[in-house]
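One file, structure-v3.txt, is given below (compact mmCIF, C-alpha atoms and all ligand atoms).
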```
# COMPACT_ATOMS: atom_id res chain seq x y z
CA MET F 1 107.74 184.95 40.52
CA TYR F 2 109.78 181.80 40.73
CA LEU F 3 110.71 179.29 43.43
CA GLU F 4 114.32 179.53 44.59
CA ASP F 5 116.38 177.05 46.63
CA VAL F 6 116.25 178.35 50.21
CA ASN F 7 120.04 178.05 50.58
CA ARG F 8 120.61 180.51 47.73
CA VAL F 9 118.74 183.33 49.43
CA ILE F 10 120.60 185.36 52.04
CA CYS F 11 118.64 186.87 54.93
CA GLU F 12 120.15 187.31 58.35
CA GLU F 13 117.11 189.08 59.82
CA GLU F 14 116.56 188.51 63.55
CA LEU F 15 112.95 187.87 64.60
CA GLU F 16 111.39 188.51 68.00
CA LEU F 17 109.26 185.58 69.18
CA GLU F 18 106.03 187.64 68.92
CA GLU F 19 106.79 188.68 65.33
CA PHE F 20 107.68 185.11 64.45
CA LEU F 21 104.39 183.82 65.89
CA ASP F 22 102.38 186.48 64.04
CA ILE F 23 103.95 185.72 60.68
CA VAL F 24 103.91 181.93 61.05
CA GLY F 25 100.39 181.91 62.51
CA GLU F 26 99.13 183.66 59.38
CA ILE F 27 101.03 181.22 57.11
CA LEU F 28 99.64 178.18 58.95
CA ARG F 29 96.09 179.50 58.94
CA SER F 30 96.04 180.37 55.25
CA GLY F 31 98.12 177.33 54.23
CA GLY F 32 100.71 179.33 52.34
CA VAL F 33 102.18 182.77 51.63
CA ASP F 34 100.55 185.56 49.67
CA LYS F 35 103.52 187.59 48.47
CA THR F 36 106.99 187.11 47.09
CA ILE F 37 110.35 187.94 48.65
CA VAL F 38 112.33 190.49 46.69
CA VAL F 39 115.90 189.35 46.17
CA ASP F 40 118.88 191.10 44.60
CA SER F 41 119.60 188.96 41.54
CA ARG F 42 123.38 189.31 41.78
CA SER F 43 124.09 188.94 45.52
CA GLY F 44 121.10 186.78 46.49
CA GLU F 45 120.40 189.16 49.39
CA VAL F 46 116.82 189.90 50.39
CA ILE F 47 115.71 193.49 49.79
CA GLU F 48 112.04 193.30 50.78
CA ASN F 49 110.00 191.02 53.08
CA LYS F 50 113.07 190.07 55.11
CA LYS F 51 111.03 188.97 58.14
CA LEU F 52 108.84 186.72 56.02
CA CYS F 53 111.99 185.18 54.57
CA ALA F 54 113.51 184.60 58.03
CA ALA F 55 110.27 183.03 59.30
CA LEU F 56 109.99 180.72 56.28
CA LYS F 57 113.58 179.58 56.79
CA LYS F 58 112.90 178.82 60.45
CA ILE F 59 109.88 176.63 59.69
CA GLY F 60 111.94 174.61 57.23
CA VAL F 61 110.69 175.35 53.74
CA ILE F 62 112.91 174.04 50.93
CA ARG F 63 111.98 176.67 48.33
CA LEU F 64 111.19 180.38 48.62
CA PRO F 65 108.82 182.44 46.44
CA VAL F 66 111.12 185.03 44.96
CA SER F 67 110.87 187.98 42.57
CA HIS F 68 113.23 190.78 41.53
CA GLN F 69 112.57 194.53 41.86
CA VAL F 70 109.00 194.42 43.27
CA SER F 71 107.05 192.06 45.49
CA GLU F 72 104.22 190.26 43.69
CA THR F 73 100.88 189.47 45.30
CA ILE F 74 100.31 185.80 44.63
CA PHE F 75 99.25 182.85 46.82
CA ILE F 76 101.73 179.98 47.03
CA PRO F 77 100.66 176.91 49.05
CA LEU F 78 102.98 175.42 51.67
CA GLU F 79 103.27 172.23 49.60
CA HIS F 80 104.88 174.19 46.73
CA LEU F 81 107.44 175.57 49.16
CA GLY F 82 108.43 172.05 50.23
CA PHE F 83 107.23 172.72 53.78
CA PHE F 84 106.57 169.02 54.41
CA GLU F 85 109.67 167.80 52.56
CA ASP F 86 111.80 168.86 55.50
CA ILE F 87 110.99 165.52 57.08
CA LYS F 88 113.04 162.90 55.28
CA PRO F 89 112.90 159.48 56.90
CA SER F 90 115.47 156.92 55.79
CA LYS F 91 113.51 154.42 53.71
CA TYR F 92 115.43 151.30 54.67
CA ARG F 93 116.77 152.71 57.92
CA VAL F 94 120.42 153.09 57.01
CA PHE F 95 122.10 156.05 58.73
CA MET F 96 125.48 157.61 58.07
CA ASP F 97 126.10 158.62 61.69
CA THR F 98 124.33 158.80 65.03
CA GLU F 99 123.19 162.37 64.40
CA GLU F 100 121.39 161.26 61.25
CA LEU F 101 119.93 158.44 63.31
CA LEU F 102 118.03 161.17 65.14
CA TYR F 103 116.59 163.36 62.41
CA ARG F 104 116.16 160.75 59.70
CA ASN F 105 114.41 158.49 62.18
CA TRP F 106 111.48 160.95 62.32
CA PRO F 107 108.52 160.82 62.46
CA THR F 108 108.47 159.08 65.82
CA PRO F 109 105.67 156.48 65.74
CA LEU F 110 101.99 157.32 66.16
CA VAL F 111 100.25 154.20 67.41
CA LYS F 112 96.63 153.42 68.18
CA LEU F 113 96.29 152.07 71.73
CA ARG F 114 93.60 149.53 71.00
CA LYS F 115 93.04 148.25 74.50
CA SER F 116 93.80 151.46 76.39
CA SER F 117 91.19 153.39 74.37
CA ILE F 118 87.98 153.94 76.34
CA ASN F 119 84.40 153.83 74.98
CA GLY F 120 84.97 155.04 71.44
CA ARG F 121 87.43 157.72 72.54
CA VAL F 122 90.32 156.34 70.50
CA ALA F 123 93.75 157.00 72.05
CA TRP F 124 96.71 157.44 69.70
CA ALA F 125 100.13 157.60 71.33
CA LYS F 126 103.00 159.54 69.81
CA LEU F 127 105.99 157.67 71.15
CA GLU F 128 108.81 160.16 71.68
CA GLY F 129 110.73 157.41 73.46
CA PHE F 130 111.72 156.24 69.97
CA ASN F 131 114.32 159.01 69.77
CA PRO F 132 117.75 157.38 69.96
CA TRP F 133 119.88 159.16 72.57
CA SER F 134 117.91 160.09 75.69
CA MET F 135 115.08 157.94 74.35
CA SER F 136 112.83 160.95 74.85
CA VAL F 137 111.31 164.03 73.22
CA LYS F 138 114.34 165.95 74.51
CA ASP F 139 116.69 164.64 71.82
CA ARG F 140 114.98 167.05 69.46
CA ILE F 141 115.80 170.14 71.49
CA GLY F 142 119.26 168.96 72.60
CA TRP F 143 120.17 168.53 68.94
CA TYR F 144 118.63 171.78 67.68
CA MET F 145 119.78 174.08 70.47
CA PHE F 146 123.32 172.70 70.13
CA LYS F 147 123.32 173.07 66.32
CA LYS F 148 121.92 176.60 66.43
CA SER F 149 124.46 177.63 69.08
CA LEU F 150 127.29 176.17 67.00
CA GLU F 151 126.00 177.92 63.87
CA LYS F 152 125.81 181.25 65.70
CA SER F 153 129.32 180.94 67.10
CA GLY F 154 130.74 180.35 63.62
CA LYS F 155 133.18 177.89 65.23
CA GLU F 156 133.82 174.20 64.64
CA ASN F 157 133.09 173.26 68.20
CA ILE F 158 131.83 174.27 71.63
CA ARG F 159 134.37 173.64 74.40
CA MET F 160 132.06 173.30 77.38
CA LEU F 161 128.32 173.41 78.07
CA VAL F 162 126.39 173.73 81.31
CA GLU F 163 122.70 172.91 81.62
CA ALA F 164 120.06 172.40 84.31
CA THR F 165 118.20 169.19 83.52
CA SER F 166 115.85 166.59 84.96
CA THR F 167 117.87 163.95 82.98
CA ASN F 168 116.51 163.79 79.44
CA THR F 169 117.77 167.13 78.07
CA GLY F 170 121.10 166.43 79.75
CA LEU F 171 121.37 163.05 78.02
CA ALA F 172 120.52 164.59 74.64
CA ILE F 173 123.09 167.39 75.02
CA ALA F 174 125.63 164.87 76.32
CA ALA F 175 125.11 162.80 73.16
CA MET F 176 125.71 165.89 71.00
CA CYS F 177 128.83 166.58 73.09
CA THR F 178 130.21 163.13 72.28
CA ILE F 179 129.47 163.63 68.57
CA TYR F 180 131.10 167.08 68.47
CA GLY F 181 133.86 166.56 71.08
CA SER F 182 132.48 168.92 73.76
CA LYS F 183 132.08 168.55 77.52
CA LEU F 184 128.81 168.83 79.49
CA ARG F 185 128.35 169.70 83.14
CA ALA F 186 124.76 168.81 84.08
CA TYR F 187 123.04 170.35 87.12
CA ILE F 188 120.22 168.18 88.47
CA PRO F 189 117.68 168.88 91.24
CA SER F 190 117.27 166.65 94.30
CA THR F 191 114.14 165.04 92.84
CA VAL F 192 115.97 163.33 89.94
CA SER F 193 116.35 159.57 90.46
CA THR F 194 119.71 157.85 91.01
CA THR F 195 119.14 156.16 87.65
CA GLY F 196 119.03 159.59 85.98
CA GLU F 197 122.29 160.63 87.62
CA ILE F 198 124.01 157.38 86.63
CA LEU F 199 122.76 157.67 83.05
CA LEU F 200 124.17 161.19 82.72
CA LYS F 201 127.54 159.95 83.97
CA ILE F 202 127.43 156.99 81.56
CA PHE F 203 127.00 159.53 78.73
CA GLY F 204 130.18 161.25 79.94
CA ALA F 205 128.64 164.30 81.66
CA ASP F 206 129.90 165.73 84.95
CA VAL F 207 126.93 165.83 87.29
CA ILE F 208 126.22 168.28 90.11
CA ARG F 209 123.20 167.54 92.29
CA SER F 210 121.50 170.50 93.94
CA PRO F 211 119.38 170.42 97.13
CA LYS F 212 116.68 172.40 95.25
CA SER F 213 113.73 170.36 94.04
CA LEU F 214 112.91 171.90 90.63
CA THR F 215 115.21 172.03 87.61
CA VAL F 216 114.01 175.53 86.76
CA GLU F 217 115.26 176.76 90.17
CA LEU F 218 118.83 176.02 89.10
CA ILE F 219 118.91 178.34 86.08
CA ASP F 220 120.47 181.39 87.74
CA GLU F 221 123.23 179.34 89.33
CA VAL F 222 123.96 177.63 86.00
CA GLU F 223 123.99 180.99 84.19
CA ASP F 224 126.58 182.28 86.73
CA VAL F 225 128.79 179.24 86.17
CA ALA F 226 128.50 179.69 82.41
CA LYS F 227 129.75 183.30 82.70
CA LYS F 228 132.61 182.45 85.04
CA GLN F 229 133.80 179.45 83.02
CA SER F 230 133.09 180.86 79.54
CA ALA F 231 130.80 177.90 78.96
CA ILE F 232 127.68 177.80 76.81
CA HIS F 233 124.36 177.64 78.63
CA LEU F 234 121.79 176.53 76.04
CA ASN F 235 119.02 177.06 78.60
CA GLN F 236 116.13 174.88 77.46
CA PHE F 237 113.66 177.02 79.46
CA TYR F 238 114.17 180.22 77.43
CA ASN F 239 115.91 179.20 74.20
CA ASP F 240 113.44 179.64 71.31
CA ALA F 241 115.21 176.83 69.44
CA ASN F 242 113.21 174.62 71.83
CA PHE F 243 109.95 175.98 70.37
CA GLU F 244 111.23 176.12 66.80
CA VAL F 245 112.41 172.53 66.56
CA HIS F 246 108.97 171.25 67.54
CA LEU F 247 107.35 173.55 64.99
CA ARG F 248 109.72 172.52 62.23
CA TYR F 249 109.49 168.80 62.93
CA THR F 250 107.31 167.45 65.78
CA ALA F 251 104.08 169.31 64.97
CA LYS F 252 104.58 169.10 61.21
CA GLU F 253 105.18 165.35 61.30
CA LEU F 254 102.09 164.91 63.45
CA GLU F 255 100.03 166.55 60.70
CA LEU F 256 101.49 164.10 58.14
CA GLN F 257 100.69 161.23 60.49
CA ILE F 258 97.07 162.16 61.11
CA ARG F 259 96.65 162.49 57.36
CA GLU F 260 97.97 158.94 56.91
CA ALA F 261 95.76 157.67 59.75
CA GLY F 262 92.78 159.45 58.16
CA ILE F 263 91.81 161.23 61.37
CA ILE F 264 91.41 164.73 62.70
CA PRO F 265 91.86 164.54 66.45
CA LYS F 266 89.29 166.06 68.78
CA ALA F 267 92.10 166.92 71.17
CA ILE F 268 95.79 166.55 71.88
CA PHE F 269 97.06 165.83 75.39
CA GLY F 270 100.63 166.61 76.49
CA GLY F 271 102.73 167.27 79.58
CA LEU F 272 104.30 170.61 80.47
CA GLY F 273 107.94 170.89 81.52
CA THR F 274 109.66 173.75 79.71
CA SER F 275 106.31 173.83 77.82
CA GLY F 276 108.26 173.53 74.54
CA HIS F 277 106.59 170.61 72.83
CA LEU F 278 102.96 171.14 73.86
CA SER F 279 103.01 174.92 73.29
CA THR F 280 104.30 174.39 69.77
CA ILE F 281 101.77 171.69 69.03
CA ALA F 282 99.05 174.00 70.38
CA PHE F 283 100.24 176.88 68.21
CA TYR F 284 100.48 174.70 65.11
CA PHE F 285 97.21 172.79 65.47
CA LYS F 286 95.11 175.75 66.60
CA ASN F 287 96.19 177.56 63.44
CA ARG F 288 95.94 174.60 61.06
CA PHE F 289 92.83 172.90 62.51
CA LYS F 290 90.67 175.36 64.40
CA GLU F 291 88.58 172.80 66.27
CA VAL F 292 91.36 170.75 67.88
CA LYS F 293 91.43 171.18 71.67
CA ILE F 294 94.69 171.15 73.60
CA TYR F 295 94.90 169.76 77.12
CA GLY F 296 98.02 170.34 79.23
CA VAL F 297 99.01 168.02 82.05
CA VAL F 298 100.80 169.08 85.26
CA PRO F 299 101.51 167.45 88.64
CA LYS F 300 99.06 168.04 91.51
CA GLN F 301 100.04 170.91 93.81
CA GLY F 302 102.98 169.99 96.05
CA THR F 303 103.90 166.78 94.15
CA PHE F 304 106.63 165.84 91.63
CA ILE F 305 106.45 163.89 88.41
CA GLN F 306 109.81 163.83 86.66
CA GLY F 307 109.79 165.94 83.49
CA ILE F 308 106.62 167.96 84.14
CA ARG F 309 105.81 170.74 86.59
CA ARG F 310 103.26 173.40 87.52
CA ILE F 311 102.74 176.41 85.28
CA GLU F 312 103.21 178.87 88.14
CA SER F 313 106.81 177.63 88.54
CA GLY F 314 107.55 179.68 85.40
CA MET F 315 107.22 178.73 81.72
CA LYS F 316 107.82 180.77 78.59
CA TRP F 317 105.87 179.53 75.58
CA VAL F 318 102.69 178.27 77.23
CA HIS F 319 101.63 181.89 77.77
CA LYS F 320 101.88 182.66 74.05
CA VAL F 321 99.41 180.00 72.92
CA GLU F 322 95.90 178.79 73.64
CA ILE F 323 95.54 175.79 75.95
CA ASP F 324 91.94 174.72 76.56
CA LYS F 325 92.37 173.08 79.94
CA ILE F 326 95.05 172.14 82.45
CA VAL F 327 94.59 168.75 84.10
CA GLU F 328 96.29 167.99 87.42
CA ILE F 329 97.53 164.46 88.03
CA SER F 330 99.11 162.91 91.14
CA PRO F 331 102.29 160.80 90.97
CA ASP F 332 100.16 157.86 92.12
CA GLU F 333 97.71 158.26 89.22
CA ALA F 334 100.63 158.61 86.78
CA ALA F 335 102.35 155.43 87.99
CA LYS F 336 99.13 153.40 87.94
CA ALA F 337 98.43 154.65 84.41
CA VAL F 338 101.88 153.46 83.26
CA LEU F 339 101.07 149.95 84.52
CA GLU F 340 97.64 150.07 82.91
CA ILE F 341 99.07 150.98 79.49
CA VAL F 342 101.83 148.35 79.57
CA ARG F 343 99.39 145.65 80.72
CA ASN F 344 96.80 146.66 78.12
CA ASP F 345 98.90 147.37 75.07
CA GLY F 346 102.38 146.06 75.93
CA ILE F 347 104.19 149.37 75.63
CA PHE F 348 106.14 150.57 78.68
CA VAL F 349 106.11 154.38 78.78
CA GLY F 350 107.47 156.83 81.36
CA LEU F 351 105.78 158.55 84.28
CA SER F 352 104.98 161.80 82.46
CA SER F 353 103.33 159.68 79.73
CA GLY F 354 101.39 157.95 82.49
CA ALA F 355 100.27 161.40 83.65
CA VAL F 356 99.13 162.25 80.10
CA TYR F 357 97.14 159.02 79.86
CA ALA F 358 95.66 159.56 83.34
CA ALA F 359 94.45 163.02 82.22
CA TYR F 360 92.75 161.53 79.16
CA LYS F 361 91.15 158.84 81.32
CA LYS F 362 89.99 161.34 83.92
CA MET F 363 88.32 163.48 81.26
CA VAL F 364 86.59 160.43 79.75
CA GLU F 365 85.32 159.46 83.20
CA ASN F 366 84.10 163.02 83.80
CA LYS F 367 82.23 162.80 80.47
CA GLU F 368 84.23 165.73 79.09
CA LEU F 369 85.31 163.93 75.90
CA GLU F 370 82.99 163.01 73.04
CA GLU F 371 83.60 160.00 70.81
CA GLY F 372 86.47 160.43 68.35
CA ASP F 373 90.24 160.38 68.10
CA TYR F 374 92.62 161.71 70.74
CA ILE F 375 96.37 162.13 70.52
CA LEU F 376 98.50 161.58 73.60
CA ILE F 377 102.09 162.77 73.42
CA PHE F 378 104.22 160.30 75.40
CA PRO F 379 107.61 161.96 76.12
CA ASP F 380 109.64 158.86 76.96
CA MET F 381 109.78 155.17 77.89
CA GLY F 382 109.43 153.58 81.32
CA PHE F 383 112.80 151.88 81.78
CA LYS F 384 114.34 154.90 83.58
CA TYR F 385 111.60 154.82 86.22
CA VAL F 386 111.64 151.23 87.50
CA GLU F 387 112.80 152.46 90.93
CA GLN F 388 109.72 154.68 91.33
CA LEU F 389 107.42 152.00 89.89
CA SER F 390 108.66 149.12 92.04
CA LYS F 391 106.25 149.93 94.87
CA TYR F 392 103.25 149.54 92.56
CA ILE F 393 103.90 145.95 91.45
N1 LIG D 1 108.27 164.40 80.12
C1 LIG D 1 109.55 164.11 80.25
C2 LIG D 1 109.96 162.73 80.63
C3 LIG D 1 110.50 165.09 80.07
O1 LIG D 1 111.79 164.82 80.22
C4 LIG D 1 110.05 166.39 79.75
C5 LIG D 1 110.99 167.47 79.65
O2 LIG D 1 112.01 167.49 80.30
C6 LIG D 1 108.71 166.65 79.57
C7 LIG D 1 107.84 165.62 79.78
C8 LIG D 1 108.19 168.01 79.22
O3 LIG D 1 108.52 168.45 77.94
P1 LIG D 1 108.66 170.00 77.61
O4 LIG D 1 109.92 170.47 78.25
O5 LIG D 1 108.72 170.05 76.11
O6 LIG D 1 107.50 170.69 78.17
```

Mind turning the file's structure into structure tokens?
Amino acid sequence: MYLEDVNRVICEEELELEEFLDIVGEILRSGGVDKTIVVDSRSGEVIENKKLCAALKKIGVIRLPVSHQVSETIFIPLEHLGFFEDIKPSKYRVFMDTEELLYRNWPTPLVKLRKSSINGRVAWAKLEGFNPWSMSVKDRIGWYMFKKSLEKSGKENIRMLVEATSTNTGLAIAAMCTIYGSKLRAYIPSTVSTTGEILLKIFGADVIRSPKSLTVELIDEVEDVAKKQSAIHLNQFYNDANFEVHLRYTAKELELQIREAGIIPKAIFGGLGTSGHLSTIAFYFKNRFKEVKIYGVVPKQGTFIQGIRRIESGMKWVHKVEIDKIVEISPDEAAKAVLEIVRNDGIFVGLSSGAVYAAYKKMVENKELEEGDYILIFPDMGFKYVEQLSKYI
């Protein structure tokens, strides 16, 4: 057995989501792999354990455990495979282009909210608003879905993209379009603010506003346009690159961060939109740290909070993972929570972050949380939502 540079091993194996989750779940639980990948020494092609190889590539290992002729039974820890080396922050924050500014800016900060923490239930905020383009968690998926689509096409560029978005994913894809010279047509529902529409136009996207109220309701129409115009529809709601990017980076970096902070959280709170980021974090943490609870946050029945929505409106990944509880929050509670956080700790986060904080607070008040550390995933910053917040000041 020896460790081989991942780029020197050829495996084109396709993996169904279920198979991928089975293989990766086992790797995360055991903390490594227990057999080698058999590779042809001349061509570099994988002969045996192709699915394991494909899964390891997807989760971003740097080295693969390889043997020739027969597979060896041997345990190799994730650390030896360079699993955590995939995250490479720029030490002195110098970046060669605006794409590098995204992925070498990770991890996004994890910050203790000293004054917003309640009664020994310490709240740690992961500030996804520190991503550079849409200033939200969505930069991660805009970047990864675009890159994967480009890779698959084998071309230098994508001519045109269409996407249904509630602003943030659209901004992230629009940024990738400017970097790669493509064009985006963004479809937004009626509930998106004027600020969101203006921002998309500032980023150079064409914007079409629909009378429908949920982004997910626009998918079929957008898929039709994509077919008619030979455009690429990345489709954040179904594209597994959404799940994979959070597994490869967001969840993994959160593990490195809790190690540095010296904590193991009792629970992680997050909002559900496509369900991409929280489902992945649930999958990762439930496998790595059995005891960590996951709480999902959705808007109260019949209400809208930009970026999150109700599970029954249709989500892919949330049904593949274990979520311990869903907490419903009203737009009013979310807005008031935003003001509470900014006036306590001086950080101005968005409305879906307010909803996440309101869920944490509600569970503390209901005596559902014991003392300990809690992680709150805050998807973006508050500056996009001043219109909606103006009535609360
Ligand atoms: N919050 C905001 C502000 C968002 O833009 C989104 C997604 O659009 C979410 C939360 C939900 O994230 P996810 O799609 O990963 O569930």

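If you look at CA of Val46 in chain F and CA of Ile87 in chain F, they are 25.9 Å away from each other.
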
What are the centre and the three edge lengths of an axis-aligned box that wraps all atoms of ligand LIG 1 (chain D) in the file, given that 5 Å is added to every side, written as JSON and rounded to one decimal in Å?
```
{"center_x": 109.8, "center_y": 166.7, "center_z": 78.4, "size_x": 14.5, "size_y": 18.0, "size_z": 14.5}
```

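Our summary of the geometry notes that CA of Ile294 in chain F is positioned 22.7 Å from CA of Trp106 in chain F.
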
Problem - Residue among F:His246, F:Ala267, F:Phe130, F:Glu18 lying closest to His319 in chain F, counting all atoms listed in the file - result: F:Glu18

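Taking all atoms listed in the file into account, the protein and nucleic acid residues that come at most 7 Å from ligand LIG 1 (chain D) are Ser136, Val137, Lys138, Ser166, Thr167, Asn168, Thr169, Gly271, Leu272, Gly273, Thr274, Ser275, Gly276, His277, Leu278, Gln306, Gly307, Ile308, Gly350, Leu351, Ser352, Ser353, Pro379 and Asp380 of chain F.
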
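Taking CA of Asn157 in chain F as the reference point, CA of Gly181 in chain F is found at 7.3 Å.
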
Could I get range 41-56 of chain F rebuilt with N, CA and C atoms, written as a PDB file, in the coordinates of the input?
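Saved result, selection_15.pdb, follows:
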```
ATOM      1  N   SER F  41     119.279 190.101  42.415  1.00  0.00           N
ATOM      2  CA  SER F  41     119.600 188.960  41.540  1.00  0.00           C
ATOM      3  C   SER F  41     121.085 188.625  41.541  1.00  0.00           C
ATOM      4  N   ARG F  42     121.940 189.619  41.812  1.00  0.00           N
ATOM      5  CA  ARG F  42     123.380 189.310  41.780  1.00  0.00           C
ATOM      6  C   ARG F  42     123.881 188.728  43.102  1.00  0.00           C
ATOM      7  N   SER F  43     123.529 189.382  44.225  1.00  0.00           N
ATOM      8  CA  SER F  43     124.090 188.940  45.520  1.00  0.00           C
ATOM      9  C   SER F  43     123.242 187.865  46.204  1.00  0.00           C
ATOM     10  N   GLY F  44     121.984 187.742  45.827  1.00  0.00           N
ATOM     11  CA  GLY F  44     121.100 186.780  46.490  1.00  0.00           C
ATOM     12  C   GLY F  44     120.546 187.323  47.806  1.00  0.00           C
ATOM     13  N   GLU F  45     120.878 188.590  48.127  1.00  0.00           N
ATOM     14  CA  GLU F  45     120.400 189.160  49.390  1.00  0.00           C
ATOM     15  C   GLU F  45     118.953 189.647  49.285  1.00  0.00           C
ATOM     16  N   VAL F  46     118.222 189.491  50.392  1.00  0.00           N
ATOM     17  CA  VAL F  46     116.820 189.900  50.390  1.00  0.00           C
ATOM     18  C   VAL F  46     116.726 191.413  50.557  1.00  0.00           C
ATOM     19  N   ILE F  47     115.880 192.036  49.737  1.00  0.00           N
ATOM     20  CA  ILE F  47     115.710 193.490  49.790  1.00  0.00           C
ATOM     21  C   ILE F  47     114.381 193.824  50.480  1.00  0.00           C
ATOM     22  N   GLU F  48     113.375 193.023  50.228  1.00  0.00           N
ATOM     23  CA  GLU F  48     112.040 193.300  50.780  1.00  0.00           C
ATOM     24  C   GLU F  48     111.439 192.003  51.331  1.00  0.00           C
ATOM     25  N   ASN F  49     110.626 192.160  52.383  1.00  0.00           N
ATOM     26  CA  ASN F  49     110.000 191.020  53.080  1.00  0.00           C
ATOM     27  C   ASN F  49     111.043 190.122  53.756  1.00  0.00           C
ATOM     28  N   LYS F  50     111.996 190.788  54.432  1.00  0.00           N
ATOM     29  CA  LYS F  50     113.070 190.070  55.110  1.00  0.00           C
ATOM     30  C   LYS F  50     112.538 189.200  56.247  1.00  0.00           C
ATOM     31  N   LYS F  51     111.549 189.738  56.986  1.00  0.00           N
ATOM     32  CA  LYS F  51     111.030 188.970  58.140  1.00  0.00           C
ATOM     33  C   LYS F  51     110.288 187.732  57.666  1.00  0.00           C
ATOM     34  N   LEU F  52     109.539 187.878  56.584  1.00  0.00           N
ATOM     35  CA  LEU F  52     108.840 186.720  56.020  1.00  0.00           C
ATOM     36  C   LEU F  52     109.854 185.653  55.622  1.00  0.00           C
ATOM     37  N   CYS F  53     110.934 186.100  55.009  1.00  0.00           N
ATOM     38  CA  CYS F  53     111.990 185.180  54.570  1.00  0.00           C
ATOM     39  C   CYS F  53     112.578 184.450  55.779  1.00  0.00           C
ATOM     40  N   ALA F  54     112.911 185.208  56.839  1.00  0.00           N
ATOM     41  CA  ALA F  54     113.510 184.600  58.030  1.00  0.00           C
ATOM     42  C   ALA F  54     112.554 183.585  58.655  1.00  0.00           C
ATOM     43  N   ALA F  55     111.254 183.936  58.700  1.00  0.00           N
ATOM     44  CA  ALA F  55     110.270 183.030  59.300  1.00  0.00           C
ATOM     45  C   ALA F  55     110.141 181.754  58.467  1.00  0.00           C
ATOM     46  N   LEU F  56     110.116 181.900  57.150  1.00  0.00           N
ATOM     47  CA  LEU F  56     109.990 180.720  56.280  1.00  0.00           C
ATOM     48  C   LEU F  56     111.198 179.796  56.438  1.00  0.00           C
TER      49      LEU F  56
END
```
